[in-house]
Every structure is written in C-alpha cells, then in structure tokens.
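In what follows, a structure is listed as structure tokens, so that the remarks can point back to it.
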Amino acid sequence: MIFKVAICDDDKNDVQKLTHFLQKASMQLNIDFETTPFYDSRELSERCTQSGIFDIMFLDVEMPEPDGLTLARKIRSLPDRDTRIIFVSSYPQYMKDSFDVQAFQYLTKPYTYEDFERILLQITKDFDESRTSRLLLKTDLTEELVPVSNIISIECVNAKRKMIQVQLMDNSLKAFGTISELEKELEDHGFVSPCRGFLINIRHLHYFRENEIVMSDGSAIPLSRRREKSIRSLFHKNMLVLSMKR
C-alpha cells in the first residue's frame with residue numbers, strides 16, 4: 001500500500017522536516033509514501049472535496065485561516081472518518097480541542113525522529129487492522145462480509161426476530177443478530193453500547209450532545225447517563241494516544 005500523505009504548515013522548515021522524516025522512514029521501515037506539501041491551508045481545503053483524498057494528514061494547528069482545527073472539521077464533515085489526522089504544534093493546550101475532530105495523534109514541537117516514527121508505526125498498524133477486520137452479516141437473501149471500519153452503528157429493530165439495522169458509511173442493511181452477541185464480538189474493535197438496543201463504532205462518534213451522541217453520518221443516538229462517562233473516556237483514548245516517555 002502506498003500511503004497518500006498531506007503536510008500542511010505555513011513554515012517551510014517544518015514541512016521540509018516532516019518530508020525528510022517520511023523519506024527516512026520509507027527507507028528504514030520499507031513503507032511507501034506519496035507526499036504532497038501545502039504551505040497554505042486554503043489550498044489543502046480546496047483540494048479536499050471528498051473523502052479518501054489522503055490517508056494521512058500532518059496539520060499545523062496555528063495557521064492563517066483556516067487553522068488546523070477548522071480544516072480538520074471540514075474534512076470530518078465530508079464525511080471522512082478514515083483519514084488519520086496528526087496535529088503538529090508548539091502549543092499542547094490545543095490537545096483537548098483535537099478530541100472533537102478525532103485526531104489520531106498530537107505531535108508537539110520540537111519533536112525527534114523517534115517521536116515521529118512511533119506515531120507512524122501506530123498509524124500503519126491501525127491501517128493494517130482496519131483492512132483485515134471483517135464482520136460476517138447474514139441477511140434474508142445472502143451473507144455479506146463488511147469491513148468493521150465501515151460500520152457506523154448497529155440498531156436492534158426487531159428483538160423477537162433478532163433483526164438488526166447496520167448503518168455503514170455508504171449504505172445500510174438489515175441482518176440477523178443481537179446487540180449482545182455483536183457487542184462481545186466487536187468489543188476489541190472499539191464498539192460500545194451507548195444505550196439499550198444500540199451499538200456504535202467509537203471511531204465514528206462525531207460529538208456529544210445532551211443525552212445523545214452524534215455520529216459521522218449525522219445520526220443522533222440516545223446516550224444513557226450511566227454509560228456516558230465510560231464512553232467519553234473511550235472516545236478520548238481512541239482519539240489521542242500519548243506517550244508519557246518524553
């Protein structure tokens with residue numbers, strides 16, 4: 001796989017540093033990258049008209065409009081939940097804001113090649129896991145293998161018949177199964193139940209509202225108070241995995 005990478009920073013030295021690190025990683029880790037530099041965030045914003053343009057984005061937080069956070073919000077609203085966004089900044093106070101746009105990581109300046117490589121290995125591992133994970137769904141007419149990463153949410157629509165509605169990124173389908181069975185099967189893939197009768201993919205959780213959560217497709221799902229704290233914790237852990245060994 002060739003990873004399509006965008007680097008967006010108004011500081012040319014920082015762009016050159018990341019480009020050099022990607023070249024070094026490509027040789028040392030045997031990973032192919034197709035890198036596109038952007039020195040103006042407006043150019044990248046204009047380029048991102050649909051999902052899947054880039055696999056990985058390194059975004060400076062503090063840029064002239066749109067800043068990195070604003071640009072990330074646009075990307076997520078396409079919707080594009082698969083692009084791994086890494087914020088690069090000298091200001092760690094922006095970390096909390098990065099939760100809202102599902103940043104994969106936060107790279108604090110100044111950083112070393114070891115810091116960069118650690119994040120890059122996490123990204124490639126995450127891509128490998130998302131490509132290999134499939135869920136077998138049985139419908140009235142056939143069986144379908146669905147990429148787990150494409151599942152936004154699952155809802156029980158008929159408990160007696162054990163019917164579920166599976167919302168995917170590009171369509172939806174009805175299948176046989178129960179929420180309790182799927183919760184056990186998908187637990188290690190970031191799925192959690194926000195309330196009775198629902199299961200969500202934490203990677204597609206967009207933001208929280210009072211008594212509900214909004215998913216990447218714009219759908220609103222009830223959130224029980226009893227489960228809110230644990231889901232918020234899982235959401236934050238998924239968005240940002242920080243190394244304490246700095």
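Within each chain, counting starts at residue 1; across the structure tokens, chains are named A, B, ... in the order shown, with ligands numbered 1 upward in that order.
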
Near-Pro194 of chain A list (10 Å; only C-alpha atoms; drop same-chain fewer than 2 positions) as number ranges by chain = A: 191-192, 196-200, 212-213, 221-228, 230-231

Long-range neighbours of Pro92 of chain A as a compact mmCIF listing (two decimals) with N, CA and C atoms, in the first residue's frame, 10 Å cut-off, only C-alpha atoms, 5 positions minimum in chain:
# COMPACT_ATOMS: atom_id res chain seq x y z
N TYR A 106 -1.09 13.76 18.41
CA TYR A 106 -0.70 15.15 18.58
C TYR A 106 0.82 15.18 18.74
N LEU A 107 1.51 15.78 17.77
CA LEU A 107 2.96 15.83 17.76
C LEU A 107 3.41 17.21 18.22
N THR A 108 4.06 17.25 19.37
CA THR A 108 4.44 18.52 19.97
C THR A 108 5.84 18.94 19.53
N LYS A 109 5.92 20.16 19.01
CA LYS A 109 7.23 20.72 18.64
C LYS A 109 7.97 21.16 19.89

key: Which of segment 20-122 of chain A fall in helix (DSSP H, G or I), as a ChimeraX atom specification   = /A:20-29,41-47,68-76,92-101,113-122

request  = Could you check which of A:Ala220, A:Ile152, A:Ile164, A:Ile119 is closest to Asn201 of chain A, using only C-alpha atoms?
outcome  = A:Ile152

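As for atom CA of Thr49 of chain A and atom CA of Asn171 of chain A, they are spaced 20.0 Å apart.
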
message = When you look at Asn158 of chain A with a cut-off of 12 Å (counting only C-alpha atoms), what residues show up, excluding the ones that are within fewer than 5 positions of it in the same chain? I need them as a list in words.
response = Met163, Ile164, Gln165, Lys174, Ala175, Phe176, Gly177, Thr178, Ile179 and Gly197 of chain A

Picked from segment 9-240 of chain A by DSSP as strand (DSSP E), as JSON, numbers by chain = {"A": [32, 33, 34, 35, 36, 37, 38, 56, 57, 58, 59, 60, 84, 85, 86, 87, 88, 89, 105, 106, 107, 108, 134, 135, 136, 137, 138, 143, 144, 145, 146, 147, 151, 152, 153, 154, 155, 156, 157, 158, 163, 164, 165, 166, 167, 168, 172, 173, 174, 175, 176, 191, 192, 198, 199, 200, 201, 205, 206, 207, 208, 209, 212, 213, 214, 215, 220, 221, 222]}

Compile the contact shell of Asn150 of chain A as a PDB file with all heavy atoms, in the first residue's frame: residues with an atom at most 10 Å away, counting only C-alpha atoms, same-chain residues fewer than 6 positions apart removed.
ATOM      1  N   ARG A  81     -13.948   9.802   7.854  1.00  0.00           N
ATOM      2  CA  ARG A  81     -13.514   9.354   9.178  1.00  0.00           C
ATOM      3  C   ARG A  81     -12.247   8.511   9.102  1.00  0.00           C
ATOM      4  O   ARG A  81     -11.697   8.129  10.130  1.00  0.00           O
ATOM      5  CB  ARG A  81     -14.617   8.523   9.861  1.00  0.00           C
ATOM      6  CG  ARG A  81     -16.003   9.087   9.759  1.00  0.00           C
ATOM      7  CD  ARG A  81     -16.090  10.513  10.200  1.00  0.00           C
ATOM      8  NE  ARG A  81     -15.811  10.708  11.601  1.00  0.00           N
ATOM      9  CZ  ARG A  81     -15.830  11.891  12.212  1.00  0.00           C
ATOM     10  NH1 ARG A  81     -16.073  12.982  11.506  1.00  0.00           N
ATOM     11  NH2 ARG A  81     -15.568  11.991  13.493  1.00  0.00           N
ATOM     12  N   ASP A  82     -11.796   8.188   7.883  1.00  0.00           N
ATOM     13  CA  ASP A  82     -10.667   7.276   7.753  1.00  0.00           C
ATOM     14  C   ASP A  82      -9.318   7.973   7.711  1.00  0.00           C
ATOM     15  O   ASP A  82      -8.300   7.362   8.038  1.00  0.00           O
ATOM     16  CB  ASP A  82     -10.826   6.425   6.491  1.00  0.00           C
ATOM     17  CG  ASP A  82     -11.939   5.399   6.632  1.00  0.00           C
ATOM     18  OD1 ASP A  82     -12.237   5.023   7.782  1.00  0.00           O
ATOM     19  OD2 ASP A  82     -12.508   4.985   5.621  1.00  0.00           O
ATOM     20  N   SER A 130      -7.551  -2.207  10.374  1.00  0.00           N
ATOM     21  CA  SER A 130      -8.836  -1.814   9.794  1.00  0.00           C
ATOM     22  C   SER A 130      -9.099  -2.527   8.472  1.00  0.00           C
ATOM     23  O   SER A 130     -10.245  -2.805   8.118  1.00  0.00           O
ATOM     24  CB  SER A 130      -8.892  -0.296   9.600  1.00  0.00           C
ATOM     25  OG  SER A 130      -7.949   0.125   8.639  1.00  0.00           O
ATOM     26  N   ARG A 134     -13.129  -7.907   9.356  1.00  0.00           N
ATOM     27  CA  ARG A 134     -14.389  -8.019   8.629  1.00  0.00           C
ATOM     28  C   ARG A 134     -15.439  -8.656   9.537  1.00  0.00           C
ATOM     29  O   ARG A 134     -15.123  -9.467  10.409  1.00  0.00           O
ATOM     30  CB  ARG A 134     -14.230  -8.875   7.368  1.00  0.00           C
ATOM     31  CG  ARG A 134     -13.244  -8.336   6.335  1.00  0.00           C
ATOM     32  CD  ARG A 134     -13.824  -7.135   5.609  1.00  0.00           C
ATOM     33  NE  ARG A 134     -12.987  -6.721   4.503  1.00  0.00           N
ATOM     34  CZ  ARG A 134     -11.975  -5.889   4.603  1.00  0.00           C
ATOM     35  NH1 ARG A 134     -11.640  -5.405   5.794  1.00  0.00           N
ATOM     36  NH2 ARG A 134     -11.271  -5.537   3.548  1.00  0.00           N
ATOM     37  N   GLN A 167     -25.780   0.408  10.005  1.00  0.00           N
ATOM     38  CA  GLN A 167     -25.526   1.642   9.252  1.00  0.00           C
ATOM     39  C   GLN A 167     -24.062   1.680   8.843  1.00  0.00           C
ATOM     40  O   GLN A 167     -23.171   1.727   9.688  1.00  0.00           O
ATOM     41  CB  GLN A 167     -25.880   2.870  10.086  1.00  0.00           C
ATOM     42  CG  GLN A 167     -25.735   4.186   9.339  1.00  0.00           C
ATOM     43  CD  GLN A 167     -26.660   4.273   8.139  1.00  0.00           C
ATOM     44  OE1 GLN A 167     -27.860   3.995   8.255  1.00  0.00           O
ATOM     45  NE2 GLN A 167     -26.108   4.637   6.990  1.00  0.00           N
ATOM     46  N   LEU A 168     -23.824   1.674   7.537  1.00  0.00           N
ATOM     47  CA  LEU A 168     -22.471   1.728   7.003  1.00  0.00           C
ATOM     48  C   LEU A 168     -22.163   3.131   6.493  1.00  0.00           C
ATOM     49  O   LEU A 168     -23.038   3.999   6.448  1.00  0.00           O
ATOM     50  CB  LEU A 168     -22.306   0.712   5.873  1.00  0.00           C
ATOM     51  CG  LEU A 168     -22.653  -0.746   6.236  1.00  0.00           C
ATOM     52  CD1 LEU A 168     -22.655  -1.623   5.006  1.00  0.00           C
ATOM     53  CD2 LEU A 168     -21.682  -1.280   7.268  1.00  0.00           C
ATOM     54  N   MET A 169     -20.946   3.361   6.073  1.00  0.00           N
ATOM     55  CA  MET A 169     -20.556   4.682   5.608  1.00  0.00           C
ATOM     56  C   MET A 169     -21.271   5.068   4.324  1.00  0.00           C
ATOM     57  O   MET A 169     -21.554   6.243   4.087  1.00  0.00           O
ATOM     58  CB  MET A 169     -19.036   4.729   5.398  1.00  0.00           C
ATOM     59  CG  MET A 169     -18.239   4.656   6.687  1.00  0.00           C
ATOM     60  SD  MET A 169     -16.453   4.666   6.420  1.00  0.00           S
ATOM     61  CE  MET A 169     -16.226   6.310   5.744  1.00  0.00           C
ATOM     62  N   ASP A 170     -21.585   4.070   3.464  1.00  0.00           N
ATOM     63  CA  ASP A 170     -22.199   4.389   2.179  1.00  0.00           C
ATOM     64  C   ASP A 170     -23.604   3.836   1.994  1.00  0.00           C
ATOM     65  O   ASP A 170     -24.287   4.178   1.028  1.00  0.00           O
ATOM     66  CB  ASP A 170     -21.307   3.893   1.031  1.00  0.00           C
ATOM     67  CG  ASP A 170     -20.916   2.427   1.200  1.00  0.00           C
ATOM     68  OD1 ASP A 170     -21.323   1.823   2.205  1.00  0.00           O
ATOM     69  OD2 ASP A 170     -20.226   1.887   0.315  1.00  0.00           O
ATOM     70  N   ASN A 171     -24.053   2.992   2.893  1.00  0.00           N
ATOM     71  CA  ASN A 171     -25.413   2.454   2.804  1.00  0.00           C
ATOM     72  C   ASN A 171     -25.781   1.800   4.125  1.00  0.00           C
ATOM     73  O   ASN A 171     -25.031   1.894   5.106  1.00  0.00           O
ATOM     74  CB  ASN A 171     -25.523   1.452   1.648  1.00  0.00           C
ATOM     75  CG  ASN A 171     -24.712   0.191   1.897  1.00  0.00           C
ATOM     76  OD1 ASN A 171     -23.575   0.264   2.336  1.00  0.00           O
ATOM     77  ND2 ASN A 171     -25.292  -0.968   1.630  1.00  0.00           N
ATOM     78  N   ASN A 201     -19.668   2.411  16.668  1.00  0.00           N
ATOM     79  CA  ASN A 201     -18.233   2.360  16.428  1.00  0.00           C
ATOM     80  C   ASN A 201     -17.644   3.665  16.941  1.00  0.00           C
ATOM     81  O   ASN A 201     -17.960   4.734  16.430  1.00  0.00           O
ATOM     82  CB  ASN A 201     -17.972   2.200  14.927  1.00  0.00           C
ATOM     83  CG  ASN A 201     -16.507   2.023  14.598  1.00  0.00           C
ATOM     84  OD1 ASN A 201     -15.628   2.297  15.423  1.00  0.00           O
ATOM     85  ND2 ASN A 201     -16.237   1.569  13.386  1.00  0.00           N
ATOM     86  N   ARG A 203     -14.967   5.069  16.565  1.00  0.00           N
ATOM     87  CA  ARG A 203     -14.229   5.849  15.569  1.00  0.00           C
ATOM     88  C   ARG A 203     -15.142   6.771  14.769  1.00  0.00           C
ATOM     89  O   ARG A 203     -14.671   7.726  14.141  1.00  0.00           O
ATOM     90  CB  ARG A 203     -13.480   4.917  14.611  1.00  0.00           C
ATOM     91  CG  ARG A 203     -12.355   4.144  15.251  1.00  0.00           C
ATOM     92  CD  ARG A 203     -11.586   3.351  14.214  1.00  0.00           C
ATOM     93  NE  ARG A 203     -10.504   2.604  14.819  1.00  0.00           N
ATOM     94  CZ  ARG A 203      -9.324   3.103  15.125  1.00  0.00           C
ATOM     95  NH1 ARG A 203      -9.091   4.390  14.876  1.00  0.00           N
ATOM     96  NH2 ARG A 203      -8.385   2.365  15.672  1.00  0.00           N
ATOM     97  N   HIS A 204     -16.418   6.468  14.755  1.00  0.00           N
ATOM     98  CA  HIS A 204     -17.373   7.283  14.006  1.00  0.00           C
ATOM     99  C   HIS A 204     -18.182   8.209  14.907  1.00  0.00           C
ATOM    100  O   HIS A 204     -19.112   8.864  14.442  1.00  0.00           O
ATOM    101  CB  HIS A 204     -18.317   6.385  13.201  1.00  0.00           C
ATOM    102  CG  HIS A 204     -17.676   5.759  12.002  1.00  0.00           C
ATOM    103  ND1 HIS A 204     -17.491   6.433  10.817  1.00  0.00           N
ATOM    104  CD2 HIS A 204     -17.149   4.527  11.823  1.00  0.00           C
ATOM    105  CE1 HIS A 204     -16.897   5.644   9.950  1.00  0.00           C
ATOM    106  NE2 HIS A 204     -16.674   4.474  10.536  1.00  0.00           N
TER     107      HIS A 204
END

inquiry  = Would you pick out the contacts of Glu65 of chain A at 12 Å or less, using only C-alpha atoms, so that residues sharing its chain but fewer than 6 positions from it are not included, and give the list as a ChimeraX atom specification?
reply    = /A:9-10,40-45,71

request  = Rank A:Asp14, A:Asp55, A:Asp128, A:Glu144 by their smallest atom-to-atom distance to Ser90 of chain A, using only C-alpha atoms, and report the top residue only.
outcome  =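 Counting only C-alpha atoms, the residue closest to Ser90 of chain A is A:Asp14.
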
query = With only C-alpha atoms as the basis for distance, which of A:Glu155, A:Lys184, A:Arg47, A:Lys162 is at the shortest distance from Ser219 of chain A?
reply =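 Looking only at the distances to Ser219 of chain A, the closest residue turns out to be A:Glu155.
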
message = I want to know what sits within 10 Å of Leu135 of chain A, based on only C-alpha atoms, with residues of the same chain fewer than 2 positions away left out; could you give that as a PyMOL selection string?
response = chain A and resi 133+137-138+144-149+151+182+185-186

inquiry  = What does the structure give for the distance between atom CA of Arg76 of chain A and atom CA of Asp11 of chain A, in Å to one decimal?
reply    = 24.3 Å

ask   = What is the atom CA of Val88 of chain A to atom CA of Glu34 of chain A distance in Å?
value = 19.2 Å

message = Under the rule that only C-alpha atoms are counted, which of A:Pro79, A:Tyr207, A:Glu187, A:Asp217 is the nearest residue to Ser172 of chain A?
response =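 The closest residue to Ser172 of chain A is A:Asp217.
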
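Closest approach to Pro66 of chain A from the set A:Glu129, A:Tyr113, A:Phe21, A:Cys8 is made by A:Cys8, with distances taken over only C-alpha atoms.
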
ask   = A:Met63, A:Ala159, A:Phe127, A:Ala25: which is nearest Asp115 of chain A, counting only C-alpha atoms?
value =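 That would be A:Ala25, the residue with the smallest distance to Asp115 of chain A.
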